[in-house]
Each structure stands twice: as structure tokens, then as C-alpha cells.
Amino acid sequence: MEKNNSTSTGILFAIVGVVLFSAKAVMVKLAYDYHIDSVSLLLFRMIFALPFYILIAIWKKPQKPQHIKKKDYLWVFLFGFLGYYLASFFDFEGLWFIKAGLERIILFIYPTIVVILSWIFFRKKLSKKQLIAIFITYIGVIITFWNEIDTNSNNVFWGAFLIFLSAFTYASYLVGSGWLIPKFGVIPFTAYSMMVSTFCVFIHYSIVRDFDLFNYEMPVYVLGFCMAFFSTLIPSFLVSEAINRLGASVFSIVGSLGPVSTIILAYFFLEEEISFIQSLGMLVVISGVYFVSRKKNK
């Protein structure tokens, strides 16, 4: 009975975490209606989240401090720059040009990139089934993307490329940081990485903007806080606990709800419509990612 309760709670955590993560793209698109640029909006998200991550870093100490070397903190900085700053910047910038639903579908291919990078850099065996699943995934992306080519295609191509870069940098972070997480623990490592990302966003903002942060309409600040708290902080812990309770394989199934929930939220809040061919493409992408994740996590 206790195991069943743990599984049920894990599934609930996974669903809520995935939906909250998925809502971020919709919030970004809503904020853009108030004429804010991507770097400023990203700064608001990071600033609002930063106090929570500082408290977490103080409260939750590294898991194996005796195994941590000084150079490991340099690696934390590198992966925080790569996985949270660059990935977030490319994502926010790409959302200027494409719909929230399409963004989530492209971003969802990151598990396939993880498999490919692991094969390239760590010589992890890439099975025939994985190759087929990866091929299916990218066919699905092409199908989903097809209807967008006719309208404002240059912007759509550029936005899709930026979202792909976001998926690629995040996948690189996952592949590269795997050996550090056991030393620090998931929660401290995430907190440190987010603090690094905030620092990088601050530097970026100071170069391209003039710190005019107080002249936006109130909904911008509300959306910035909601992105920080409800689409960054809370789901990061829900997903970590869900993976702990369910395992990565089961969570990967629930994670397939991500693109679906974004498309539903975008339909209600952004009035984005999706065609039958795009729905078909989404299902193909989800199927391909599911089979890659299931094989990878066995």
C-alpha cells in the first residue's frame, strides 16, 4: 500500500511539474504583448527566482563535500552558463518568432540529442531501435513545422533554429554535468547552476540594456514572478521528486504531456490554433522521444 501511495504521489508530482514547466512558454508570449525584450524578461525571471535558490543553497549542503575539488566549481559555472543561461536565452529569443506550441514540440527533442551526444563523446552504444526512434522524432518535427513554412517563413525558420539551440545546449548540460551531480546532489547543483545563470543574465543585460527596469506595466512583473516561482522553482523540485519516486523511465512517459499541455494552454490563453497535420506531427515526436527515453533509461 505504501509503495502504491508513493507511486501515485510521484505521478501527481510529475503531472503538475510538467504542466507548470510547459506554462512558461505561454507566459513569455503573454509578456511580449507588453513590449518587453527577451533579455529584460529573462532577467526578471532570474531575479525573482534568485532569493529562493540562495536560501536553498544555504540550507542544502553538497551531498559529498569530501569529493568536491576547487575545479569542480569551475565546471559548475560552465554548465550553469550552458544549461540555464544559454538554453534559456535561446528559448526566450526563439519565442519571439514562433508559436508556444511549436516551441515546446521542438524543445521536446532534447532527449534524442542527449543520446546522440552520449554516443559521440562517451561512446555509449547507439542501438538500431534508438536510431529509428530518433529518425521518427525528427520526421515528426518536420511534419509539425510544415504548416508554418508558408507564413512568414524566414522568421519561423530562425525561431525554430533558436529553439533547437536551446534544446541542444540543455542536452549538452545534461550530458556534461552527469558526473558532477552525484558530488553535489541534485538540489544543490541546481541551485548553484541557477545562481550562475542569474549572474550571466545580469552581465548580458548590463551590456545591451540601461537598467530601465521600472517602467513596464504591472502584468510584466506579475508574469516574471509567475515564471520564476510557478514555472521554474516549484516544478524543478516536483520533477526531481517525481523521478526519485517513479524512476526516469516512468517519468519520461508522463513527460510526454509537456507539448500537449503547452498546446492546450496556448489555445486558451494565446488563441493559437493547431491543425490536424501539426497534431499528427506532435504525436510522432512524442512517440519517438518516448521510445528513445525508454530504451536509454532501461
# chains A, B, ... in the order shown; residues from 1 in each chain; ligands from 1
>>> residues_around(residues="region 77-79 of chain A", least_positions_apart="6", cutoff="9 Å", atoms="only C-alpha atoms", output="list in words")
Ser172, Tyr173, Leu174, Gly176, Ser177, Tyr192, Ser193, Val196 and Ser197 of chain A
>>> residues_around(residues="Ile143 (chain A)", least_positions_apart="3", cutoff="8 Å", atoms="only C-alpha atoms", output="list of chain:residue names")
A:Ile139, A:Gly140, A:Trp146, A:Asn147, A:Ile277, A:Gln278, A:Leu280, A:Gly281
>>> write_last_selection(atoms="C-alpha atoms", output="short mmCIF file (atom, residue, chain, number, x, y, z; two decimals), in the first residue's frame")
data_model
loop_
_atom_site.label_atom_id
_atom_site.label_comp_id
_atom_site.auth_asym_id
_atom_site.auth_seq_id
_atom_site.Cartn_x
_atom_site.Cartn_y
_atom_site.Cartn_z
CA ILE A 139 10.23 13.36 -39.03
CA GLY A 140 7.58 14.42 -36.52
CA TRP A 146 5.46 22.14 -42.32
CA ASN A 147 2.34 24.29 -41.94
CA ILE A 277 -1.20 17.74 -39.56
CA GLN A 278 0.52 19.50 -36.66
CA LEU A 280 -0.14 14.29 -36.10
CA GLY A 281 3.43 15.61 -36.05
#
>>> closest_residue(among="A:Phe52, A:Trp96, A:Phe90, A:Phe157", to="Val28 (chain A)", atoms="only C-alpha atoms")
A:Trp96
>>> closest_residue(among="A:Trp75, A:Tyr267, A:Phe237, A:Phe161", to="Glu103 (chain A)", atoms="only C-alpha atoms")
A:Phe161
>>> residues_around(residues="Ser166 (chain A)", least_positions_apart="2", cutoff="10 Å", atoms="only C-alpha atoms", output="list of chain:residue names")
A:Leu82, A:Gly83, A:Tyr84, A:Tyr85, A:Leu86, A:Ala87, A:Ser88, A:Phe89, A:Phe90, A:Asp91, A:Phe92, A:Glu93, A:Gly94, A:Ile106, A:Leu107, A:Tyr110, A:Ala160, A:Phe161, A:Leu162, A:Ile163, A:Phe164, A:Phe168, A:Thr169, A:Tyr170, A:Ala171, A:Ser172
>>> residues_around(residues="region 66-74 of chain A", least_positions_apart="5", cutoff="12 Å", atoms="only C-alpha atoms", output="VMD selection string")
chain A and resid 61 79 to 81 177 179 to 185 188 to 189 192 to 193 196
>>> residues_around(residues="Val260 (chain A)", least_positions_apart="2", cutoff="9 Å", atoms="only C-alpha atoms", output="PyMOL selection string")
chain A and resi 22+101+104-105+256-258+262-265+282
>>> residues_around(residues="Cys226 (chain A)", least_positions_apart="4", cutoff="12 Å", atoms="only C-alpha atoms", output="short mmCIF file (atom, residue, chain, number, x, y, z; two decimals) with C-alpha atoms, in the first residue's frame")
data_model
loop_
_atom_site.label_atom_id
_atom_site.label_comp_id
_atom_site.auth_asym_id
_atom_site.auth_seq_id
_atom_site.Cartn_x
_atom_site.Cartn_y
_atom_site.Cartn_z
CA LEU A 20 3.92 24.11 -14.78
CA PHE A 21 7.13 23.88 -16.82
CA ALA A 23 3.22 27.09 -18.93
CA LYS A 24 6.45 29.09 -19.16
CA ALA A 25 6.28 29.49 -22.93
CA VAL A 26 2.73 30.82 -22.70
CA MET A 27 3.75 33.34 -20.03
CA VAL A 28 6.65 34.53 -22.20
CA LEU A 30 1.85 36.97 -22.93
CA ALA A 31 4.63 39.21 -21.60
CA LEU A 41 12.14 39.40 -19.37
CA PHE A 44 13.03 39.39 -14.30
CA ARG A 45 12.58 35.63 -14.25
CA MET A 46 16.05 35.06 -12.80
CA ILE A 47 15.95 37.93 -10.29
CA PHE A 48 12.62 36.77 -8.85
CA ALA A 49 13.91 33.19 -8.56
CA PRO A 219 1.44 42.43 -15.76
CA VAL A 220 5.10 42.15 -16.85
CA TYR A 221 6.26 41.93 -13.24
CA VAL A 222 3.46 39.52 -12.35
CA PHE A 230 5.47 28.58 -10.72
CA SER A 231 7.37 27.63 -13.93
CA THR A 232 10.92 27.38 -12.60
CA LEU A 233 11.29 26.89 -8.85
CA ILE A 234 8.27 24.73 -7.93
CA PRO A 235 8.35 22.35 -10.94
#
>>> select_by_dssp(residues="region 93-272 of chain A", states="alpha helix (DSSP H)", output="CSV table (one decimal) with N, CA and C atoms, in the first residue's frame")
chain,number,residue,atom,x,y,z
A,93,GLU,N,14.4,34.0,-26.8
A,93,GLU,CA,14.6,34.7,-28.1
A,93,GLU,C,13.8,34.0,-29.2
A,94,GLY,N,13.8,32.7,-29.2
A,94,GLY,CA,13.1,32.0,-30.2
A,94,GLY,C,11.6,32.2,-30.2
A,100,ALA,N,4.0,29.2,-29.2
A,100,ALA,CA,4.4,28.5,-28.0
A,100,ALA,C,4.3,27.0,-28.2
A,101,GLY,N,3.2,26.5,-28.9
A,101,GLY,CA,3.0,25.1,-29.1
A,101,GLY,C,4.2,24.5,-29.9
A,102,LEU,N,4.6,25.2,-31.0
A,102,LEU,CA,5.7,24.7,-31.8
A,102,LEU,C,7.0,24.7,-31.0
A,103,GLU,N,7.2,25.7,-30.2
A,103,GLU,CA,8.4,25.8,-29.4
A,103,GLU,C,8.5,24.6,-28.5
A,104,ARG,N,7.4,24.2,-27.8
A,104,ARG,CA,7.5,23.1,-26.9
A,104,ARG,C,7.8,21.8,-27.6
A,105,ILE,N,7.3,21.6,-28.8
A,105,ILE,CA,7.5,20.4,-29.6
A,105,ILE,C,9.0,20.3,-30.0
A,106,ILE,N,9.5,21.4,-30.5
A,106,ILE,CA,11.0,21.4,-30.9
A,106,ILE,C,11.8,21.2,-29.7
A,107,LEU,N,11.5,21.9,-28.6
A,107,LEU,CA,12.3,21.7,-27.3
A,107,LEU,C,12.3,20.3,-26.8
A,110,TYR,N,15.1,17.2,-26.9
A,110,TYR,CA,16.4,17.2,-26.2
A,110,TYR,C,16.8,15.8,-25.8
A,111,PRO,N,15.9,14.8,-25.4
A,111,PRO,CA,16.4,13.5,-25.1
A,111,PRO,C,17.1,12.8,-26.2
A,112,THR,N,16.6,13.1,-27.5
A,112,THR,CA,17.3,12.5,-28.6
A,112,THR,C,18.7,13.0,-28.7
A,113,ILE,N,18.9,14.3,-28.4
A,113,ILE,CA,20.2,15.0,-28.5
A,113,ILE,C,21.1,14.4,-27.4
A,114,VAL,N,20.5,14.2,-26.2
A,114,VAL,CA,21.3,13.6,-25.2
A,114,VAL,C,21.9,12.2,-25.6
A,115,VAL,N,21.1,11.4,-26.2
A,115,VAL,CA,21.5,10.1,-26.7
A,115,VAL,C,22.6,10.2,-27.7
A,116,ILE,N,22.5,11.2,-28.7
A,116,ILE,CA,23.5,11.4,-29.7
A,116,ILE,C,24.8,11.9,-29.2
A,117,LEU,N,24.7,12.8,-28.3
A,117,LEU,CA,25.9,13.4,-27.6
A,117,LEU,C,26.6,12.3,-26.8
A,118,SER,N,25.9,11.5,-26.1
A,118,SER,CA,26.5,10.5,-25.3
A,118,SER,C,27.2,9.5,-26.2
A,119,TRP,N,26.7,9.2,-27.3
A,119,TRP,CA,27.3,8.3,-28.3
A,119,TRP,C,28.6,8.9,-28.8
A,120,ILE,N,28.6,10.2,-29.2
A,120,ILE,CA,29.7,10.9,-29.7
A,120,ILE,C,30.9,11.0,-28.7
A,121,PHE,N,30.6,11.5,-27.5
A,121,PHE,CA,31.6,11.8,-26.6
A,121,PHE,C,32.0,10.7,-25.6
A,122,PHE,N,31.0,9.8,-25.3
A,122,PHE,CA,31.3,8.8,-24.3
A,122,PHE,C,31.2,7.4,-24.9
A,128,LYS,N,20.0,0.1,-32.9
A,128,LYS,CA,19.2,0.3,-34.1
A,128,LYS,C,17.8,0.9,-33.8
A,129,LYS,N,17.2,0.4,-32.7
A,129,LYS,CA,16.0,0.9,-32.2
A,129,LYS,C,16.0,2.4,-31.9
A,130,GLN,N,17.1,2.8,-31.2
A,130,GLN,CA,17.3,4.2,-30.9
A,130,GLN,C,17.4,5.0,-32.1
A,131,LEU,N,18.2,4.5,-33.1
A,131,LEU,CA,18.3,5.3,-34.4
A,131,LEU,C,17.0,5.5,-35.1
A,132,ILE,N,16.2,4.4,-35.1
A,132,ILE,CA,14.9,4.5,-35.7
A,132,ILE,C,14.0,5.5,-34.9
A,133,ALA,N,14.1,5.5,-33.6
A,133,ALA,CA,13.3,6.4,-32.8
A,133,ALA,C,13.7,7.8,-33.0
A,134,ILE,N,15.0,8.1,-33.1
A,134,ILE,CA,15.5,9.4,-33.4
A,134,ILE,C,15.0,9.9,-34.7
A,135,PHE,N,15.1,9.0,-35.7
A,135,PHE,CA,14.6,9.4,-37.1
A,135,PHE,C,13.1,9.7,-37.0
A,136,ILE,N,12.3,8.9,-36.3
A,136,ILE,CA,10.9,9.2,-36.2
A,136,ILE,C,10.6,10.5,-35.6
A,137,THR,N,11.4,10.8,-34.5
A,137,THR,CA,11.2,12.1,-33.8
A,137,THR,C,11.4,13.3,-34.7
A,138,TYR,N,12.5,13.3,-35.5
A,138,TYR,CA,12.8,14.4,-36.4
A,138,TYR,C,11.8,14.5,-37.6
A,139,ILE,N,11.3,13.4,-38.0
A,139,ILE,CA,10.2,13.4,-39.0
A,139,ILE,C,9.0,14.1,-38.5
A,140,GLY,N,8.7,13.8,-37.2
A,140,GLY,CA,7.6,14.4,-36.5
A,140,GLY,C,7.7,15.9,-36.4
A,141,VAL,N,9.0,16.4,-36.1
A,141,VAL,CA,9.2,17.8,-36.1
A,141,VAL,C,9.0,18.5,-37.4
A,142,ILE,N,9.5,17.8,-38.5
A,142,ILE,CA,9.3,18.3,-39.9
A,142,ILE,C,7.8,18.4,-40.2
A,143,ILE,N,7.0,17.4,-39.8
A,143,ILE,CA,5.6,17.4,-40.1
A,143,ILE,C,4.9,18.5,-39.4
A,144,THR,N,5.3,18.7,-38.1
A,144,THR,CA,4.7,19.8,-37.3
A,144,THR,C,5.1,21.2,-37.8
A,145,PHE,N,6.3,21.3,-38.3
A,145,PHE,CA,6.8,22.5,-38.8
A,145,PHE,C,6.3,22.9,-40.2
A,146,TRP,N,5.8,21.9,-40.9
A,146,TRP,CA,5.5,22.1,-42.3
A,146,TRP,C,4.4,23.2,-42.5
A,153,SER,N,8.0,32.8,-43.3
A,153,SER,CA,8.9,31.6,-43.2
A,153,SER,C,10.2,31.9,-42.6
A,154,ASN,N,10.8,33.1,-43.0
A,154,ASN,CA,12.2,33.4,-42.5
A,154,ASN,C,12.2,33.5,-41.0
A,155,ASN,N,11.2,34.2,-40.5
A,155,ASN,CA,11.2,34.3,-39.0
A,155,ASN,C,10.9,33.0,-38.3
A,156,VAL,N,10.1,32.2,-38.9
A,156,VAL,CA,9.8,30.9,-38.4
A,156,VAL,C,11.0,30.0,-38.4
A,157,PHE,N,11.7,30.0,-39.5
A,157,PHE,CA,13.0,29.2,-39.5
A,157,PHE,C,14.0,29.6,-38.5
A,158,TRP,N,14.1,31.0,-38.4
A,158,TRP,CA,15.1,31.5,-37.4
A,158,TRP,C,14.6,31.1,-36.0
A,159,GLY,N,13.3,31.3,-35.7
A,159,GLY,CA,12.8,31.0,-34.3
A,159,GLY,C,13.0,29.5,-34.0
A,160,ALA,N,12.7,28.6,-35.0
A,160,ALA,CA,12.9,27.2,-34.8
A,160,ALA,C,14.3,26.8,-34.6
A,161,PHE,N,15.3,27.5,-35.3
A,161,PHE,CA,16.7,27.3,-35.1
A,161,PHE,C,17.1,27.7,-33.7
A,162,LEU,N,16.6,28.8,-33.2
A,162,LEU,CA,17.0,29.2,-31.8
A,162,LEU,C,16.4,28.2,-30.8
A,163,ILE,N,15.2,27.7,-31.0
A,163,ILE,CA,14.7,26.8,-30.0
A,163,ILE,C,15.5,25.5,-30.1
A,164,PHE,N,15.9,25.1,-31.3
A,164,PHE,CA,16.8,23.9,-31.4
A,164,PHE,C,18.1,24.1,-30.7
A,165,LEU,N,18.7,25.3,-30.8
A,165,LEU,CA,19.9,25.6,-30.0
A,165,LEU,C,19.6,25.5,-28.5
A,166,SER,N,18.4,25.9,-28.1
A,166,SER,CA,18.1,25.8,-26.7
A,166,SER,C,18.1,24.3,-26.2
A,167,ALA,N,17.4,23.5,-27.1
A,167,ALA,CA,17.4,22.1,-26.8
A,167,ALA,C,18.8,21.5,-26.8
A,168,PHE,N,19.6,21.9,-27.7
A,168,PHE,CA,21.0,21.4,-27.8
A,168,PHE,C,21.8,21.8,-26.6
A,169,THR,N,21.8,23.0,-26.2
A,169,THR,CA,22.6,23.5,-25.1
A,169,THR,C,22.1,22.8,-23.8
A,170,TYR,N,20.8,22.6,-23.6
A,170,TYR,CA,20.3,22.0,-22.4
A,170,TYR,C,20.7,20.5,-22.4
A,171,ALA,N,20.6,19.8,-23.6
A,171,ALA,CA,21.1,18.5,-23.6
A,171,ALA,C,22.6,18.3,-23.3
A,172,SER,N,23.4,19.3,-23.8
A,172,SER,CA,24.8,19.3,-23.5
A,172,SER,C,25.1,19.4,-22.0
A,173,TYR,N,24.3,20.3,-21.4
A,173,TYR,CA,24.4,20.4,-19.9
A,173,TYR,C,24.1,19.1,-19.2
A,174,LEU,N,23.0,18.4,-19.7
A,174,LEU,CA,22.7,17.2,-19.0
A,174,LEU,C,23.7,16.1,-19.2
A,175,VAL,N,24.3,16.0,-20.4
A,175,VAL,CA,25.4,15.1,-20.7
A,175,VAL,C,26.6,15.4,-19.9
A,176,GLY,N,27.0,16.7,-20.0
A,176,GLY,CA,28.3,17.1,-19.4
A,176,GLY,C,28.3,17.1,-17.9
A,181,ILE,N,26.8,15.9,-10.6
A,181,ILE,CA,25.6,15.8,-9.7
A,181,ILE,C,25.7,14.9,-8.5
A,182,PRO,N,26.3,13.7,-8.7
A,182,PRO,CA,26.5,12.8,-7.5
A,182,PRO,C,27.3,13.5,-6.4
A,183,LYS,N,28.3,14.3,-6.8
A,183,LYS,CA,29.1,15.0,-5.8
A,183,LYS,C,28.3,16.1,-5.0
A,184,PHE,N,27.5,16.9,-5.7
A,184,PHE,CA,26.8,18.0,-5.1
A,184,PHE,C,25.4,17.6,-4.7
A,186,VAL,N,21.4,16.7,-6.5
A,186,VAL,CA,20.6,17.4,-7.5
A,186,VAL,C,20.2,18.8,-7.0
A,187,ILE,N,19.7,18.9,-5.8
A,187,ILE,CA,19.2,20.2,-5.4
A,187,ILE,C,20.2,21.3,-5.2
A,188,PRO,N,21.4,21.0,-4.6
A,188,PRO,CA,22.4,22.0,-4.5
A,188,PRO,C,23.0,22.3,-5.9
A,189,PHE,N,23.2,21.3,-6.7
A,189,PHE,CA,23.7,21.6,-8.1
A,189,PHE,C,22.8,22.5,-8.9
A,190,THR,N,21.5,22.2,-8.8
A,190,THR,CA,20.5,23.1,-9.5
A,190,THR,C,20.6,24.5,-9.0
A,191,ALA,N,20.6,24.6,-7.6
A,191,ALA,CA,20.7,26.0,-7.0
A,191,ALA,C,21.9,26.7,-7.5
A,192,TYR,N,23.1,26.1,-7.5
A,192,TYR,CA,24.3,26.7,-7.9
A,192,TYR,C,24.3,27.1,-9.4
A,193,SER,N,23.7,26.2,-10.2
A,193,SER,CA,23.6,26.5,-11.6
A,193,SER,C,22.7,27.7,-11.9
A,194,MET,N,21.6,27.7,-11.2
A,194,MET,CA,20.7,28.9,-11.4
A,194,MET,C,21.3,30.2,-10.9
A,195,MET,N,22.1,30.2,-9.9
A,195,MET,CA,22.8,31.4,-9.5
A,195,MET,C,23.8,31.8,-10.5
A,196,VAL,N,24.5,30.9,-11.1
A,196,VAL,CA,25.4,31.2,-12.2
A,196,VAL,C,24.7,31.8,-13.3
A,197,SER,N,23.6,31.2,-13.7
A,197,SER,CA,22.8,31.7,-14.8
A,197,SER,C,22.3,33.1,-14.6
A,198,THR,N,21.9,33.4,-13.3
A,198,THR,CA,21.4,34.8,-13.0
A,198,THR,C,22.6,35.8,-13.2
A,199,PHE,N,23.8,35.4,-12.7
A,199,PHE,CA,24.9,36.3,-12.9
A,199,PHE,C,25.2,36.5,-14.4
A,200,CYS,N,25.1,35.5,-15.2
A,200,CYS,CA,25.3,35.6,-16.7
A,200,CYS,C,24.3,36.5,-17.3
A,201,VAL,N,23.0,36.3,-16.9
A,201,VAL,CA,21.9,37.2,-17.5
A,201,VAL,C,22.1,38.6,-17.1
A,202,PHE,N,22.6,38.8,-15.8
A,202,PHE,CA,22.8,40.2,-15.4
A,202,PHE,C,23.9,40.9,-16.2
A,203,ILE,N,25.0,40.1,-16.5
A,203,ILE,CA,26.1,40.7,-17.3
A,203,ILE,C,25.6,41.0,-18.7
A,204,HIS,N,24.9,40.1,-19.3
A,204,HIS,CA,24.3,40.2,-20.6
A,204,HIS,C,23.4,41.5,-20.6
A,205,TYR,N,22.5,41.6,-19.6
A,205,TYR,CA,21.6,42.8,-19.6
A,205,TYR,C,22.4,44.1,-19.5
A,206,SER,N,23.5,44.1,-18.6
A,206,SER,CA,24.2,45.3,-18.4
A,206,SER,C,25.0,45.8,-19.7
A,207,ILE,N,25.2,44.8,-20.6
A,207,ILE,CA,25.9,45.2,-21.8
A,207,ILE,C,24.9,45.7,-22.9
A,208,VAL,N,23.7,45.2,-22.9
A,208,VAL,CA,22.8,45.6,-24.0
A,208,VAL,C,21.7,46.5,-23.6
A,218,MET,N,2.3,46.6,-14.9
A,218,MET,CA,2.3,45.7,-13.8
A,218,MET,C,2.2,44.2,-14.3
A,219,PRO,N,1.5,43.8,-15.3
A,219,PRO,CA,1.4,42.4,-15.8
A,219,PRO,C,2.8,41.8,-16.1
A,220,VAL,N,3.8,42.7,-16.5
A,220,VAL,CA,5.1,42.2,-16.9
A,220,VAL,C,5.8,41.6,-15.6
A,221,TYR,N,5.6,42.4,-14.5
A,221,TYR,CA,6.3,41.9,-13.2
A,221,TYR,C,5.5,40.7,-12.7
A,222,VAL,N,4.2,40.7,-12.8
A,222,VAL,CA,3.5,39.5,-12.3
A,222,VAL,C,3.8,38.3,-13.1
A,223,LEU,N,3.9,38.4,-14.5
A,223,LEU,CA,4.3,37.3,-15.3
A,223,LEU,C,5.8,36.8,-15.0
A,224,GLY,N,6.7,37.8,-14.8
A,224,GLY,CA,8.0,37.5,-14.4
A,224,GLY,C,8.1,36.7,-13.1
A,225,PHE,N,7.3,37.1,-12.1
A,225,PHE,CA,7.3,36.3,-10.9
A,225,PHE,C,6.7,35.0,-11.0
A,226,CYS,N,5.6,34.9,-11.8
A,226,CYS,CA,5.0,33.6,-12.0
A,226,CYS,C,5.9,32.6,-12.8
A,227,MET,N,6.7,33.2,-13.7
A,227,MET,CA,7.6,32.3,-14.4
A,227,MET,C,8.7,31.8,-13.5
A,228,ALA,N,9.2,32.7,-12.6
A,228,ALA,CA,10.2,32.3,-11.6
A,228,ALA,C,9.7,31.3,-10.6
A,234,ILE,N,9.1,25.8,-8.4
A,234,ILE,CA,8.3,24.7,-7.9
A,234,ILE,C,8.4,23.5,-8.8
A,235,PRO,N,8.3,23.6,-10.1
A,235,PRO,CA,8.3,22.4,-10.9
A,235,PRO,C,9.7,21.7,-10.9
A,236,SER,N,10.8,22.4,-10.7
A,236,SER,CA,12.1,21.8,-10.6
A,236,SER,C,12.2,20.8,-9.5
A,237,PHE,N,11.6,21.1,-8.3
A,237,PHE,CA,11.6,20.2,-7.2
A,237,PHE,C,10.5,19.1,-7.4
A,238,LEU,N,9.4,19.4,-8.0
A,238,LEU,CA,8.4,18.4,-8.2
A,238,LEU,C,8.9,17.3,-9.1
A,239,VAL,N,9.6,17.8,-10.2
A,239,VAL,CA,10.1,16.8,-11.2
A,239,VAL,C,11.2,16.0,-10.6
A,240,SER,N,12.1,16.6,-9.8
A,240,SER,CA,13.2,15.8,-9.1
A,240,SER,C,12.6,14.8,-8.2
A,241,GLU,N,11.5,15.1,-7.4
A,241,GLU,CA,10.9,14.2,-6.5
A,241,GLU,C,10.2,13.1,-7.3
A,242,ALA,N,9.5,13.5,-8.4
A,242,ALA,CA,8.8,12.5,-9.2
A,242,ALA,C,9.8,11.5,-9.8
A,243,ILE,N,10.9,11.9,-10.3
A,243,ILE,CA,11.9,11.0,-10.8
A,243,ILE,C,12.4,10.1,-9.7
A,244,ASN,N,12.6,10.6,-8.5
A,244,ASN,CA,13.1,9.8,-7.4
A,244,ASN,C,12.0,8.7,-7.0
A,245,ARG,N,10.7,9.0,-7.1
A,245,ARG,CA,9.7,8.1,-6.8
A,245,ARG,C,9.4,7.1,-7.9
A,246,LEU,N,9.4,7.6,-9.1
A,246,LEU,CA,9.0,6.8,-10.3
A,246,LEU,C,10.1,6.1,-11.1
A,248,ALA,N,13.4,7.3,-14.0
A,248,ALA,CA,13.4,8.1,-15.2
A,248,ALA,C,12.5,7.5,-16.3
A,249,SER,N,12.4,6.2,-16.4
A,249,SER,CA,11.7,5.6,-17.5
A,249,SER,C,10.2,6.0,-17.4
A,250,VAL,N,9.6,5.8,-16.2
A,250,VAL,CA,8.2,6.1,-16.0
A,250,VAL,C,8.0,7.6,-16.2
A,251,PHE,N,8.9,8.4,-15.6
A,251,PHE,CA,8.7,9.9,-15.7
A,251,PHE,C,8.7,10.3,-17.2
A,252,SER,N,9.6,9.6,-18.0
A,252,SER,CA,9.6,10.0,-19.4
A,252,SER,C,8.3,9.9,-20.1
A,253,ILE,N,7.5,8.9,-19.6
A,253,ILE,CA,6.1,8.7,-20.2
A,253,ILE,C,5.2,9.9,-19.8
A,254,VAL,N,5.3,10.3,-18.5
A,254,VAL,CA,4.5,11.4,-18.1
A,254,VAL,C,5.0,12.7,-18.7
A,257,LEU,N,3.5,14.6,-21.7
A,257,LEU,CA,2.4,15.6,-21.6
A,257,LEU,C,2.8,17.0,-21.8
A,258,GLY,N,4.1,17.3,-21.8
A,258,GLY,CA,4.6,18.6,-21.9
A,258,GLY,C,4.1,19.4,-23.2
A,259,PRO,N,4.4,18.8,-24.4
A,259,PRO,CA,3.9,19.5,-25.6
A,259,PRO,C,2.4,19.6,-25.6
A,260,VAL,N,1.7,18.6,-25.2
A,260,VAL,CA,0.2,18.6,-25.2
A,260,VAL,C,-0.3,19.7,-24.3
A,261,SER,N,0.2,19.8,-23.1
A,261,SER,CA,-0.3,20.8,-22.2
A,261,SER,C,0.1,22.2,-22.6
A,262,THR,N,1.2,22.4,-23.3
A,262,THR,CA,1.6,23.8,-23.8
A,262,THR,C,0.6,24.1,-24.9
A,263,ILE,N,0.3,23.2,-25.8
A,263,ILE,CA,-0.7,23.5,-26.9
A,263,ILE,C,-2.0,23.8,-26.4
A,264,ILE,N,-2.5,23.1,-25.3
A,264,ILE,CA,-3.8,23.4,-24.8
A,264,ILE,C,-3.8,24.7,-24.1
A,265,LEU,N,-2.8,25.1,-23.3
A,265,LEU,CA,-2.7,26.4,-22.7
A,265,LEU,C,-2.6,27.5,-23.7
A,266,ALA,N,-1.8,27.3,-24.8
A,266,ALA,CA,-1.7,28.3,-25.8
A,266,ALA,C,-3.0,28.5,-26.5
A,267,TYR,N,-3.8,27.4,-26.7
A,267,TYR,CA,-5.1,27.6,-27.3
A,267,TYR,C,-6.0,28.5,-26.5
A,268,PHE,N,-6.0,28.3,-25.2
A,268,PHE,CA,-6.9,29.1,-24.3
A,268,PHE,C,-6.4,30.5,-24.0
A,269,PHE,N,-5.1,30.6,-23.8
A,269,PHE,CA,-4.6,31.9,-23.4
A,269,PHE,C,-4.0,32.8,-24.6
>>> decode(residues="region 213-224 of chain A", atoms="N, CA and C atoms", output="CSV table (one decimal), in the first residue's frame")
chain,number,residue,atom,x,y,z
A,213,LEU,N,14.4,49.2,-15.5
A,213,LEU,CA,13.6,48.1,-15.1
A,213,LEU,C,12.2,48.4,-14.4
A,214,PHE,N,11.9,49.7,-14.3
A,214,PHE,CA,10.7,50.1,-13.5
A,214,PHE,C,9.7,50.8,-14.3
A,215,ASN,N,9.7,50.7,-15.6
A,215,ASN,CA,8.8,51.4,-16.5
A,215,ASN,C,7.9,50.5,-17.3
A,216,TYR,N,7.8,49.3,-16.8
A,216,TYR,CA,6.9,48.3,-17.5
A,216,TYR,C,5.5,48.3,-16.8
A,217,GLU,N,4.5,47.8,-17.5
A,217,GLU,CA,3.2,47.7,-16.9
A,217,GLU,C,3.2,46.5,-15.9
A,218,MET,N,2.3,46.6,-14.9
A,218,MET,CA,2.3,45.7,-13.8
A,218,MET,C,2.2,44.2,-14.3
A,219,PRO,N,1.5,43.8,-15.3
A,219,PRO,CA,1.4,42.4,-15.8
A,219,PRO,C,2.8,41.8,-16.1
A,220,VAL,N,3.8,42.7,-16.5
A,220,VAL,CA,5.1,42.2,-16.9
A,220,VAL,C,5.8,41.6,-15.6
A,221,TYR,N,5.6,42.4,-14.5
A,221,TYR,CA,6.3,41.9,-13.2
A,221,TYR,C,5.5,40.7,-12.7
A,222,VAL,N,4.2,40.7,-12.8
A,222,VAL,CA,3.5,39.5,-12.3
A,222,VAL,C,3.8,38.3,-13.1
A,223,LEU,N,3.9,38.4,-14.5
A,223,LEU,CA,4.3,37.3,-15.3
A,223,LEU,C,5.8,36.8,-15.0
A,224,GLY,N,6.7,37.8,-14.8
A,224,GLY,CA,8.0,37.5,-14.4
A,224,GLY,C,8.1,36.7,-13.1
